[in-house]
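S.K.: Pasting a structure here, questions to come.
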Amino acid sequence: MYPHERSLVEKHSDQFVILGVNSDRSRDKLREAMKRENITWNSFYDGGGTGGPIATSWGVRGWPTIYLIDAEGVIRFKDVRGDSLDSALEQLLSEMGVEPIPPPRKTAL
Amino acid sequence: MTALILALFLQATPTTESTVLMALSPELSVGFYASELDEVSELEELHDTEANGANRREVASKFLPRFEEMATRLAGSEQGLGAELWILRNHWWKRAQGTMEQVAIAHATRLIKTYKDSPQLTRIAEYSYLYGREGITPLLDLLIDASPHDRVDAAAIHAQASRLRRSKDKPQADEARRLLEQLRDRYGDLAFRDTTYRAIATAMLSPHSPDALEVGKIAPEISGVDVTGSAVQLSDHRGKIVLLDFWGDW
């Protein structure tokens, strides 16, 4: 799950957090998933199912749904994943003056 | 087999007499254990374990005769109803003549009439996806009329409102609103899964507008609890970038 974001959380813990809203059907199921996937960040437990109060308030009907929120609390990106999530995050980090992680160096011709 | 018995033993309430006997002699007390605790729940657990990652229909077919046997043998009891409800949920697609929805409605109707005093009838409402659009309203109305339990009424009202609230038809959307207000005001204190009907009805009545969730808007506050029950707020993380991830492990 989000291998690059996991490393960014570890590297930039002062600037960046992942916060989950979990819709699993029980606390046990959530605990088990966190353990198995080595999820180190916190999640809201949304009442034990997909129709929970948070997901309902936010109109979430597909999982995963992702919002990227900046340090001022403004929604900046929605449903970015993979490479576009990486670049969105690096943009926000650089706005905060954090040196972006350099892309893999291309060999000169 | 021993491993299974031990697993069940570990899940049992530590104060029951059967557990004490189990602790003394797990092998010998199986019969006692089975009659003491709910054999239908036990079979459901066994089914869920086997169905996990396997072909669900095949596994359900394999278990069907055992649930049918229990439904007959234990007819009239809560366990008998438990077996019937398993069959309703897992085998509605091949039980008899007619469309799947008709079969599910006929089965559910029979269960409501036969077991009207059972609190387990909440599950009839929880399986609202089984019945199709046509027959669900009278079925849920019948459930509300028949059951003396607030919990069953609340589950039926929730199922009805969930179905109607996204309707483009104004009278239906208005009816959903009326039902949700009733759910919030009359049954708000009742538990819905690990939350309350108040929390769920409130969220359904006034979700954030799509506009408020657009890029460029301040993210609406979220107040909730984590898996340990500790209070968490989205705004706790102001000053940091937040990847807000709605997820589930399924």
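Chain labels run A, B, ... following the order of the structure tokens; each chain numbers its residues from 1, and ligands are numbered from 1 in the order shown.
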Should the cut-off be 9 Å, what would the residue list for chain B against chain A look like, counting only C-alpha atoms, as a CSV table (one decimal) with all heavy atoms, in the first residue's frame?
M.R.:
```csv
chain,number,residue,atom,x,y,z
B,192,PHE,N,-26.0,1.2,15.8
B,192,PHE,CA,-26.0,0.7,14.4
B,192,PHE,C,-24.5,0.3,14.1
B,192,PHE,O,-23.6,1.2,14.1
B,192,PHE,CB,-26.4,1.8,13.4
B,192,PHE,CG,-26.2,1.5,12.0
B,192,PHE,CD1,-27.0,0.5,11.4
B,192,PHE,CD2,-25.2,2.1,11.2
B,192,PHE,CE1,-26.8,0.1,10.1
B,192,PHE,CE2,-25.1,1.8,9.9
B,192,PHE,CZ,-25.8,0.8,9.3
B,193,ARG,N,-24.3,-1.0,14.0
B,193,ARG,CA,-22.9,-1.5,14.0
B,193,ARG,C,-22.2,-0.9,15.2
B,193,ARG,O,-22.7,-1.0,16.3
B,193,ARG,CB,-22.2,-1.2,12.7
B,193,ARG,CG,-23.0,-1.8,11.5
B,193,ARG,CD,-22.2,-1.5,10.2
B,193,ARG,NE,-23.0,-1.8,9.0
B,193,ARG,CZ,-22.9,-1.1,7.9
B,193,ARG,NH1,-22.2,-0.1,7.8
B,193,ARG,NH2,-23.6,-1.5,6.8
B,194,ASP,N,-21.0,-0.3,14.9
B,194,ASP,CA,-20.3,0.3,16.1
B,194,ASP,C,-20.5,1.8,16.2
B,194,ASP,O,-19.7,2.5,16.8
B,194,ASP,CB,-18.8,0.0,15.9
B,194,ASP,CG,-18.5,-1.5,16.2
B,194,ASP,OD1,-19.2,-2.1,17.1
B,194,ASP,OD2,-17.7,-2.1,15.5
B,195,THR,N,-21.6,2.3,15.6
B,195,THR,CA,-21.9,3.7,15.8
B,195,THR,C,-23.4,3.7,16.2
B,195,THR,O,-24.0,2.7,16.7
B,195,THR,CB,-21.6,4.5,14.6
B,195,THR,OG1,-22.0,5.8,14.8
B,195,THR,CG2,-22.3,3.9,13.3
B,196,THR,N,-24.0,4.9,16.1
B,196,THR,CA,-25.5,5.0,16.5
B,196,THR,C,-26.3,5.4,15.3
B,196,THR,O,-25.8,6.0,14.3
B,196,THR,CB,-25.7,6.0,17.6
B,196,THR,OG1,-25.3,7.3,17.0
B,196,THR,CG2,-24.9,5.7,18.8
B,199,ALA,N,-25.9,9.1,14.7
B,199,ALA,CA,-24.8,9.5,13.8
B,199,ALA,C,-25.0,9.3,12.4
B,199,ALA,O,-24.7,10.1,11.5
B,199,ALA,CB,-23.5,8.8,14.3
B,200,ILE,N,-25.6,8.1,12.1
B,200,ILE,CA,-25.7,7.7,10.7
B,200,ILE,C,-26.9,8.6,10.0
B,200,ILE,O,-26.7,9.0,8.9
B,200,ILE,CB,-25.9,6.2,10.6
B,200,ILE,CG1,-25.4,5.7,9.2
B,200,ILE,CG2,-27.4,5.8,10.8
B,200,ILE,CD1,-24.0,5.7,9.2
B,201,ALA,N,-28.0,8.8,10.8
B,201,ALA,CA,-29.1,9.5,10.2
B,201,ALA,C,-28.7,11.0,10.0
B,201,ALA,O,-29.0,11.6,9.0
B,201,ALA,CB,-30.3,9.4,11.1
B,202,THR,N,-27.9,11.5,10.9
B,202,THR,CA,-27.5,12.9,10.8
B,202,THR,C,-26.6,13.1,9.6
B,202,THR,O,-26.8,14.0,8.8
B,202,THR,CB,-26.7,13.3,12.1
B,202,THR,OG1,-27.5,13.1,13.2
B,202,THR,CG2,-26.3,14.8,12.0
B,203,ALA,N,-25.7,12.1,9.4
B,203,ALA,CA,-24.8,12.2,8.2
B,203,ALA,C,-25.6,12.0,6.9
B,203,ALA,O,-25.3,12.7,5.9
B,203,ALA,CB,-23.7,11.1,8.2
B,204,MET,N,-26.6,11.2,6.9
B,204,MET,CA,-27.4,10.9,5.7
B,204,MET,C,-28.3,12.2,5.4
B,204,MET,O,-28.6,12.5,4.3
B,204,MET,CB,-28.3,9.7,5.8
B,204,MET,CG,-27.5,8.4,5.8
B,204,MET,SD,-28.4,6.9,6.3
B,204,MET,CE,-29.3,6.5,4.8
B,205,LEU,N,-28.8,12.8,6.5
B,205,LEU,CA,-29.6,14.0,6.3
B,205,LEU,C,-28.9,15.2,5.7
B,205,LEU,O,-29.4,16.0,5.0
B,205,LEU,CB,-30.3,14.4,7.6
B,205,LEU,CG,-31.5,13.6,8.0
B,205,LEU,CD1,-31.9,13.8,9.5
B,205,LEU,CD2,-32.7,14.0,7.1
B,206,SER,N,-27.6,15.4,6.2
B,206,SER,CA,-26.9,16.6,5.8
B,206,SER,C,-25.4,16.2,5.4
B,206,SER,O,-24.5,16.6,6.2
B,206,SER,CB,-27.0,17.7,6.8
B,206,SER,OG,-26.7,17.1,8.1
B,207,PRO,N,-25.2,15.5,4.3
B,207,PRO,CA,-23.9,15.3,3.9
B,207,PRO,C,-23.3,16.6,3.4
B,207,PRO,O,-24.0,17.5,3.1
B,207,PRO,CB,-24.1,14.3,2.7
B,207,PRO,CG,-25.4,14.5,2.2
B,207,PRO,CD,-26.2,15.0,3.4
B,208,HIS,N,-21.9,16.7,3.3
B,208,HIS,CA,-21.3,17.8,2.7
B,208,HIS,C,-21.7,18.0,1.3
B,208,HIS,O,-21.9,17.0,0.6
B,208,HIS,CB,-19.8,17.7,2.8
B,208,HIS,CG,-19.3,17.5,4.2
B,208,HIS,ND1,-19.6,18.3,5.2
B,208,HIS,CD2,-18.5,16.5,4.7
B,208,HIS,CE1,-19.0,17.9,6.3
B,208,HIS,NE2,-18.3,16.8,6.0
B,209,SER,N,-22.0,19.2,0.8
B,209,SER,CA,-22.3,19.4,-0.6
B,209,SER,C,-21.1,19.1,-1.4
B,209,SER,O,-20.0,19.3,-1.0
B,209,SER,CB,-22.8,20.8,-0.8
B,209,SER,OG,-21.7,21.6,-0.9
B,210,PRO,N,-21.3,18.5,-2.6
B,210,PRO,CA,-20.2,18.2,-3.5
B,210,PRO,C,-19.3,19.4,-3.7
B,210,PRO,O,-18.0,19.3,-3.8
B,210,PRO,CB,-20.8,17.8,-4.8
B,210,PRO,CG,-22.2,17.3,-4.4
B,210,PRO,CD,-22.6,18.1,-3.2
B,213,LEU,N,-16.5,20.0,-1.3
B,213,LEU,CA,-15.4,19.0,-1.3
B,213,LEU,C,-14.6,19.1,-2.6
B,213,LEU,O,-13.8,18.3,-2.9
B,213,LEU,CB,-16.0,17.5,-1.3
B,213,LEU,CG,-16.8,17.2,0.0
B,213,LEU,CD1,-17.6,15.9,-0.2
B,213,LEU,CD2,-15.9,17.2,1.2
B,214,GLU,N,-14.7,20.3,-3.2
B,214,GLU,CA,-13.9,20.5,-4.4
B,214,GLU,C,-12.5,21.0,-4.1
B,214,GLU,O,-12.3,21.5,-3.0
B,214,GLU,CB,-14.6,21.6,-5.3
B,214,GLU,CG,-15.8,21.2,-6.1
B,214,GLU,CD,-15.5,20.1,-7.0
B,214,GLU,OE1,-14.4,20.0,-7.6
B,214,GLU,OE2,-16.4,19.2,-7.2
B,215,VAL,N,-11.6,20.8,-5.1
B,215,VAL,CA,-10.3,21.3,-4.9
B,215,VAL,C,-10.3,22.8,-4.7
B,215,VAL,O,-11.1,23.5,-5.4
B,215,VAL,CB,-9.5,21.0,-6.2
B,215,VAL,CG1,-8.1,21.7,-6.2
B,215,VAL,CG2,-9.2,19.5,-6.3
B,216,GLY,N,-9.6,23.3,-3.7
B,216,GLY,CA,-9.6,24.7,-3.4
B,216,GLY,C,-10.4,25.1,-2.2
B,216,GLY,O,-10.2,26.2,-1.6
B,217,LYS,N,-11.2,24.2,-1.8
B,217,LYS,CA,-12.0,24.4,-0.6
B,217,LYS,C,-11.3,23.9,0.7
B,217,LYS,O,-10.5,22.9,0.6
B,217,LYS,CB,-13.4,23.7,-0.7
B,217,LYS,CG,-14.3,24.2,-1.8
B,217,LYS,CD,-14.8,25.6,-1.5
B,217,LYS,CE,-15.4,26.3,-2.7
B,217,LYS,NZ,-16.6,25.6,-3.3
B,218,ILE,N,-11.6,24.6,1.8
B,218,ILE,CA,-11.0,24.0,3.1
B,218,ILE,C,-11.7,22.7,3.4
B,218,ILE,O,-13.0,22.6,3.3
B,218,ILE,CB,-11.3,25.0,4.2
B,218,ILE,CG1,-10.6,26.4,4.0
B,218,ILE,CG2,-11.0,24.4,5.6
B,218,ILE,CD1,-9.2,26.4,4.5
B,219,ALA,N,-11.0,21.7,3.6
B,219,ALA,CA,-11.6,20.4,3.9
B,219,ALA,C,-12.5,20.5,5.1
B,219,ALA,O,-12.0,21.0,6.2
B,219,ALA,CB,-10.5,19.3,4.1
B,220,PRO,N,-13.7,19.9,5.1
B,220,PRO,CA,-14.6,19.9,6.2
B,220,PRO,C,-13.9,19.2,7.4
B,220,PRO,O,-13.2,18.2,7.1
B,220,PRO,CB,-15.8,19.2,5.7
B,220,PRO,CG,-15.8,19.2,4.3
B,220,PRO,CD,-14.3,19.3,3.9
B,222,ILE,N,-13.3,16.6,10.3
B,222,ILE,CA,-13.8,15.3,10.6
B,222,ILE,C,-13.4,15.0,12.1
B,222,ILE,O,-12.3,15.2,12.5
B,222,ILE,CB,-13.0,14.2,9.8
B,222,ILE,CG1,-13.2,14.4,8.3
B,222,ILE,CG2,-13.6,12.8,10.2
B,222,ILE,CD1,-12.4,13.5,7.4
B,223,SER,N,-14.4,14.6,12.9
B,223,SER,CA,-14.2,14.2,14.3
B,223,SER,C,-14.6,12.8,14.4
B,223,SER,O,-15.8,12.5,14.1
B,223,SER,CB,-15.0,15.1,15.2
B,223,SER,OG,-14.7,16.5,15.1
B,224,GLY,N,-13.8,12.0,15.0
B,224,GLY,CA,-14.1,10.6,15.1
B,224,GLY,C,-13.2,9.9,16.1
B,224,GLY,O,-12.5,10.6,16.9
B,225,VAL,N,-13.2,8.6,16.0
B,225,VAL,CA,-12.3,7.8,16.9
B,225,VAL,C,-11.5,6.9,16.0
B,225,VAL,O,-11.9,6.5,15.0
B,225,VAL,CB,-13.1,7.0,17.9
B,225,VAL,CG1,-13.8,7.9,18.9
B,225,VAL,CG2,-14.1,6.1,17.2
B,226,ASP,N,-10.3,6.5,16.6
B,226,ASP,CA,-9.5,5.5,15.9
B,226,ASP,C,-9.8,4.1,16.5
B,226,ASP,O,-10.8,4.0,17.2
B,226,ASP,CB,-8.0,5.8,16.0
B,226,ASP,CG,-7.5,5.7,17.4
B,226,ASP,OD1,-8.2,5.2,18.3
B,226,ASP,OD2,-6.4,6.3,17.7
B,227,VAL,N,-9.1,3.1,16.1
B,227,VAL,CA,-9.4,1.7,16.4
B,227,VAL,C,-9.3,1.5,17.9
B,227,VAL,O,-10.0,0.6,18.5
B,227,VAL,CB,-8.5,0.7,15.6
B,227,VAL,CG1,-7.1,0.7,16.2
B,227,VAL,CG2,-9.1,-0.7,15.7
B,228,THR,N,-8.6,2.3,18.6
B,228,THR,CA,-8.5,2.2,20.1
B,228,THR,C,-9.6,3.0,20.8
B,228,THR,O,-9.7,2.9,22.0
B,228,THR,CB,-7.1,2.7,20.6
B,228,THR,OG1,-7.0,4.1,20.4
B,228,THR,CG2,-6.0,2.0,19.9
B,229,GLY,N,-10.4,3.7,20.1
B,229,GLY,CA,-11.4,4.5,20.7
B,229,GLY,C,-10.9,5.9,21.0
B,229,GLY,O,-11.7,6.7,21.6
B,231,ALA,N,-10.1,9.8,20.5
B,231,ALA,CA,-10.6,10.8,19.6
B,231,ALA,C,-9.6,11.3,18.7
B,231,ALA,O,-8.4,11.5,19.0
B,231,ALA,CB,-11.1,12.0,20.5
B,232,VAL,N,-10.0,11.5,17.4
B,232,VAL,CA,-9.1,12.0,16.4
B,232,VAL,C,-9.8,13.1,15.6
B,232,VAL,O,-11.1,13.0,15.4
B,232,VAL,CB,-8.7,10.9,15.4
B,232,VAL,CG1,-7.8,11.4,14.3
B,232,VAL,CG2,-8.1,9.7,16.1
B,233,GLN,N,-9.1,14.1,15.2
B,233,GLN,CA,-9.7,15.2,14.4
B,233,GLN,C,-8.8,15.4,13.2
B,233,GLN,O,-7.6,15.4,13.3
B,233,GLN,CB,-9.9,16.5,15.1
B,233,GLN,CG,-10.8,16.3,16.3
B,233,GLN,CD,-11.4,17.7,16.7
B,233,GLN,OE1,-12.6,17.9,16.3
B,233,GLN,NE2,-10.7,18.5,17.3
B,234,LEU,N,-9.4,15.7,12.0
B,234,LEU,CA,-8.6,16.0,10.9
B,234,LEU,C,-7.8,17.2,11.2
B,234,LEU,O,-6.6,17.3,10.8
B,234,LEU,CB,-9.5,16.3,9.7
B,234,LEU,CG,-8.9,16.7,8.4
B,234,LEU,CD1,-7.8,15.8,7.9
B,234,LEU,CD2,-9.9,17.0,7.3
B,235,SER,N,-8.3,18.2,11.8
B,235,SER,CA,-7.6,19.5,12.1
B,235,SER,C,-6.4,19.3,13.1
B,235,SER,O,-5.6,20.2,13.2
B,235,SER,CB,-8.6,20.5,12.6
B,235,SER,OG,-9.1,20.1,13.8
B,237,HIS,N,-4.0,17.8,12.4
B,237,HIS,CA,-2.8,17.7,11.6
B,237,HIS,C,-2.6,19.0,10.8
B,237,HIS,O,-1.8,19.0,9.8
B,237,HIS,CB,-3.0,16.5,10.6
B,237,HIS,CG,-3.1,15.2,11.4
B,237,HIS,ND1,-2.1,14.6,12.1
B,237,HIS,CD2,-4.2,14.4,11.6
B,237,HIS,CE1,-2.5,13.5,12.6
B,237,HIS,NE2,-3.8,13.4,12.4
B,238,ARG,N,-3.3,20.1,11.1
B,238,ARG,CA,-3.1,21.3,10.4
B,238,ARG,C,-1.6,21.7,10.6
B,238,ARG,O,-1.1,21.5,11.6
B,238,ARG,CB,-4.0,22.4,11.0
B,238,ARG,CG,-4.2,23.7,10.3
B,238,ARG,CD,-4.7,23.5,8.8
B,238,ARG,NE,-6.1,23.1,8.8
B,238,ARG,CZ,-7.2,23.8,8.8
B,238,ARG,NH1,-7.1,25.1,9.0
B,238,ARG,NH2,-8.4,23.3,8.7
B,239,GLY,N,-1.1,22.2,9.5
B,239,GLY,CA,0.4,22.5,9.5
B,239,GLY,C,1.2,21.4,8.7
B,239,GLY,O,2.3,21.6,8.5
B,240,LYS,N,0.5,20.3,8.5
B,240,LYS,CA,1.1,19.2,7.7
B,240,LYS,C,0.2,18.9,6.5
B,240,LYS,O,-1.0,19.1,6.5
B,240,LYS,CB,1.3,17.9,8.5
B,240,LYS,CG,2.3,18.1,9.7
B,240,LYS,CD,2.4,16.7,10.4
B,240,LYS,CE,3.3,16.9,11.6
B,240,LYS,NZ,3.6,15.6,12.2
B,241,ILE,N,0.9,18.4,5.5
B,241,ILE,CA,0.1,17.8,4.3
B,241,ILE,C,-0.6,16.5,4.8
B,241,ILE,O,0.1,15.7,5.5
B,241,ILE,CB,1.1,17.5,3.2
B,241,ILE,CG1,1.8,18.7,2.7
B,241,ILE,CG2,0.3,16.8,2.0
B,241,ILE,CD1,3.0,18.4,1.9
B,242,VAL,N,-1.8,16.4,4.5
B,242,VAL,CA,-2.6,15.2,4.9
B,242,VAL,C,-3.0,14.4,3.7
B,242,VAL,O,-3.7,15.0,2.8
B,242,VAL,CB,-3.8,15.5,5.8
B,242,VAL,CG1,-4.5,14.2,6.1
B,242,VAL,CG2,-3.4,16.3,7.0
B,243,LEU,N,-2.6,13.2,3.6
B,243,LEU,CA,-3.2,12.2,2.6
B,243,LEU,C,-4.4,11.6,3.3
B,243,LEU,O,-4.2,10.7,4.1
B,243,LEU,CB,-2.1,11.2,2.1
B,243,LEU,CG,-2.6,10.1,1.3
B,243,LEU,CD1,-3.2,10.6,-0.1
B,243,LEU,CD2,-1.5,9.1,1.0
B,244,LEU,N,-5.6,12.0,3.0
B,244,LEU,CA,-6.8,11.5,3.6
B,244,LEU,C,-7.2,10.3,2.7
B,244,LEU,O,-7.6,10.5,1.5
B,244,LEU,CB,-7.9,12.5,3.7
B,244,LEU,CG,-9.2,12.1,4.4
B,244,LEU,CD1,-8.9,11.9,5.9
B,244,LEU,CD2,-10.2,13.2,4.2
B,245,ASP,N,-7.2,9.1,3.3
B,245,ASP,CA,-7.4,7.9,2.5
B,245,ASP,C,-8.6,7.1,3.0
B,245,ASP,O,-8.5,6.5,4.1
B,245,ASP,CB,-6.1,7.1,2.6
B,245,ASP,CG,-6.2,5.7,2.0
B,245,ASP,OD1,-7.0,5.6,1.0
B,245,ASP,OD2,-5.5,4.8,2.4
B,246,PHE,N,-9.7,7.1,2.3
B,246,PHE,CA,-10.8,6.3,2.6
B,246,PHE,C,-10.5,4.9,2.1
B,246,PHE,O,-10.4,4.7,0.9
B,246,PHE,CB,-12.1,6.8,2.0
B,246,PHE,CG,-12.6,8.1,2.5
B,246,PHE,CD1,-12.1,9.3,2.0
B,246,PHE,CD2,-13.6,8.2,3.5
B,246,PHE,CE1,-12.5,10.5,2.6
B,246,PHE,CE2,-14.0,9.4,4.0
B,246,PHE,CZ,-13.5,10.6,3.5
B,247,TRP,N,-10.4,3.9,3.0
B,247,TRP,CA,-10.0,2.6,2.6
B,247,TRP,C,-10.7,1.5,3.4
B,247,TRP,O,-11.3,1.8,4.4
B,247,TRP,CB,-8.5,2.5,2.8
B,247,TRP,CG,-8.0,2.5,4.3
B,247,TRP,CD1,-8.0,3.5,5.1
B,247,TRP,CD2,-7.5,1.3,5.0
B,247,TRP,NE1,-7.5,3.1,6.4
B,247,TRP,CE2,-7.2,1.8,6.3
B,247,TRP,CE3,-7.3,0.0,4.7
B,247,TRP,CZ2,-6.8,0.9,7.3
B,247,TRP,CZ3,-6.9,-0.9,5.7
B,247,TRP,CH2,-6.6,-0.4,7.0
B,248,GLY,N,-10.5,0.3,2.9
B,248,GLY,CA,-11.0,-0.9,3.5
B,248,GLY,C,-10.3,-2.1,3.1
B,248,GLY,O,-9.7,-2.0,1.9
B,249,ASP,N,-10.2,-3.1,3.9
B,249,ASP,CA,-9.4,-4.3,3.5
B,249,ASP,C,-10.3,-5.4,3.1
B,249,ASP,O,-10.7,-6.2,3.8
B,249,ASP,CB,-8.6,-4.7,4.8
B,249,ASP,CG,-7.8,-5.9,4.5
B,249,ASP,OD1,-7.0,-5.9,3.5
B,249,ASP,OD2,-7.9,-6.9,5.2
B,250,TRP,N,-10.8,-5.2,1.8
B,250,TRP,CA,-11.7,-6.3,1.3
B,250,TRP,C,-11.4,-6.6,-0.1
B,250,TRP,O,-10.6,-6.0,-0.7
B,250,TRP,CB,-13.2,-5.8,1.4
B,250,TRP,CG,-13.4,-4.5,0.9
B,250,TRP,CD1,-13.4,-4.1,-0.5
B,250,TRP,CD2,-13.7,-3.3,1.6
B,250,TRP,NE1,-13.7,-2.8,-0.6
B,250,TRP,CE2,-13.9,-2.3,0.6
B,250,TRP,CE3,-13.9,-3.0,2.9
B,250,TRP,CZ2,-14.2,-1.0,1.0
B,250,TRP,CZ3,-14.2,-1.7,3.3
B,250,TRP,CH2,-14.4,-0.7,2.3
```
S.K.: When DSSP works through the backbone of this structure, what residues of region 62-246 of chain B end up as strand (DSSP E or B), shown as a VMD selection string?
M.R.: chain B and resid 191 to 192 195 to 196 218 223 to 225 231 to 233 241 to 246
S.K.: Those same residues, written as a compact mmCIF listing (two decimals), in the first residue's frame with all heavy atoms?
M.R.:
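For reference, again-v4.txt as written:
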```txt
# COMPACT_ATOMS: atom_id res chain seq x y z
N ALA B 191 -27.76 1.38 18.82
CA ALA B 191 -26.51 1.12 18.10
C ALA B 191 -26.80 0.71 16.67
O ALA B 191 -27.73 -0.06 16.40
CB ALA B 191 -25.74 0.03 18.81
N PHE B 192 -26.01 1.24 15.76
CA PHE B 192 -25.98 0.75 14.39
C PHE B 192 -24.54 0.32 14.13
O PHE B 192 -23.64 1.17 14.11
CB PHE B 192 -26.41 1.84 13.41
CG PHE B 192 -26.22 1.47 11.96
CD1 PHE B 192 -26.98 0.48 11.38
CD2 PHE B 192 -25.25 2.10 11.20
CE1 PHE B 192 -26.80 0.13 10.06
CE2 PHE B 192 -25.06 1.75 9.87
CZ PHE B 192 -25.83 0.76 9.30
N THR B 195 -21.62 2.26 15.65
CA THR B 195 -21.95 3.67 15.85
C THR B 195 -23.42 3.72 16.24
O THR B 195 -23.96 2.73 16.70
CB THR B 195 -21.59 4.48 14.57
OG1 THR B 195 -21.98 5.82 14.75
CG2 THR B 195 -22.27 3.95 13.33
N THR B 196 -24.05 4.87 16.13
CA THR B 196 -25.46 4.97 16.50
C THR B 196 -26.29 5.39 15.30
O THR B 196 -25.78 5.97 14.34
CB THR B 196 -25.68 6.04 17.59
OG1 THR B 196 -25.29 7.31 17.05
CG2 THR B 196 -24.89 5.73 18.85
N ILE B 218 -11.56 24.56 1.82
CA ILE B 218 -11.04 24.04 3.09
C ILE B 218 -11.74 22.71 3.37
O ILE B 218 -12.98 22.64 3.30
CB ILE B 218 -11.34 25.03 4.24
CG1 ILE B 218 -10.63 26.36 4.02
CG2 ILE B 218 -10.98 24.42 5.59
CD1 ILE B 218 -9.19 26.40 4.49
N SER B 223 -14.43 14.64 12.88
CA SER B 223 -14.20 14.24 14.28
C SER B 223 -14.64 12.80 14.42
O SER B 223 -15.76 12.46 14.06
CB SER B 223 -15.02 15.12 15.23
OG SER B 223 -14.66 16.46 15.09
N GLY B 224 -13.77 11.98 14.95
CA GLY B 224 -14.13 10.58 15.11
C GLY B 224 -13.20 9.90 16.09
O GLY B 224 -12.55 10.57 16.89
N VAL B 225 -13.19 8.58 16.00
CA VAL B 225 -12.32 7.81 16.88
C VAL B 225 -11.47 6.86 16.04
O VAL B 225 -11.88 6.46 14.95
CB VAL B 225 -13.11 6.98 17.92
CG1 VAL B 225 -13.78 7.89 18.94
CG2 VAL B 225 -14.14 6.08 17.24
N ALA B 231 -10.08 9.81 20.52
CA ALA B 231 -10.63 10.85 19.64
C ALA B 231 -9.57 11.32 18.65
O ALA B 231 -8.40 11.49 19.01
CB ALA B 231 -11.13 12.02 20.48
N VAL B 232 -9.99 11.50 17.39
CA VAL B 232 -9.09 11.99 16.35
C VAL B 232 -9.84 13.07 15.59
O VAL B 232 -11.06 12.96 15.38
CB VAL B 232 -8.70 10.86 15.36
CG1 VAL B 232 -7.76 11.38 14.29
CG2 VAL B 232 -8.08 9.67 16.07
N GLN B 233 -9.13 14.14 15.21
CA GLN B 233 -9.74 15.16 14.35
C GLN B 233 -8.81 15.41 13.18
O GLN B 233 -7.59 15.41 13.34
CB GLN B 233 -9.91 16.46 15.12
CG GLN B 233 -10.80 16.33 16.32
CD GLN B 233 -11.44 17.67 16.67
OE1 GLN B 233 -12.60 17.92 16.33
NE2 GLN B 233 -10.68 18.53 17.31
N ILE B 241 0.88 18.36 5.47
CA ILE B 241 0.11 17.82 4.35
C ILE B 241 -0.56 16.54 4.84
O ILE B 241 0.07 15.73 5.53
CB ILE B 241 1.06 17.49 3.17
CG1 ILE B 241 1.79 18.75 2.71
CG2 ILE B 241 0.30 16.84 2.02
CD1 ILE B 241 3.04 18.43 1.89
N VAL B 242 -1.85 16.39 4.49
CA VAL B 242 -2.56 15.17 4.90
C VAL B 242 -3.02 14.41 3.66
O VAL B 242 -3.72 14.97 2.81
CB VAL B 242 -3.80 15.50 5.77
CG1 VAL B 242 -4.54 14.22 6.14
CG2 VAL B 242 -3.40 16.26 7.03
N LEU B 243 -2.61 13.15 3.59
CA LEU B 243 -3.19 12.24 2.60
C LEU B 243 -4.37 11.56 3.28
O LEU B 243 -4.18 10.70 4.13
CB LEU B 243 -2.14 11.22 2.14
CG LEU B 243 -2.63 10.08 1.25
CD1 LEU B 243 -3.20 10.59 -0.06
CD2 LEU B 243 -1.51 9.09 0.97
N LEU B 244 -5.58 12.03 2.96
CA LEU B 244 -6.78 11.46 3.57
C LEU B 244 -7.24 10.30 2.69
O LEU B 244 -7.58 10.50 1.52
CB LEU B 244 -7.88 12.54 3.67
CG LEU B 244 -9.17 12.13 4.38
CD1 LEU B 244 -8.92 11.87 5.86
CD2 LEU B 244 -10.24 13.20 4.20
N ASP B 245 -7.22 9.13 3.27
CA ASP B 245 -7.39 7.91 2.49
C ASP B 245 -8.59 7.11 3.02
O ASP B 245 -8.52 6.52 4.09
CB ASP B 245 -6.10 7.09 2.62
CG ASP B 245 -6.20 5.74 1.96
OD1 ASP B 245 -6.97 5.61 1.00
OD2 ASP B 245 -5.49 4.81 2.40
N PHE B 246 -9.69 7.14 2.28
CA PHE B 246 -10.85 6.29 2.62
C PHE B 246 -10.52 4.89 2.12
O PHE B 246 -10.38 4.69 0.91
CB PHE B 246 -12.12 6.82 1.95
CG PHE B 246 -12.61 8.13 2.51
CD1 PHE B 246 -12.09 9.33 2.05
CD2 PHE B 246 -13.57 8.17 3.50
CE1 PHE B 246 -12.54 10.55 2.55
CE2 PHE B 246 -14.03 9.37 4.02
CZ PHE B 246 -13.51 10.57 3.55
```
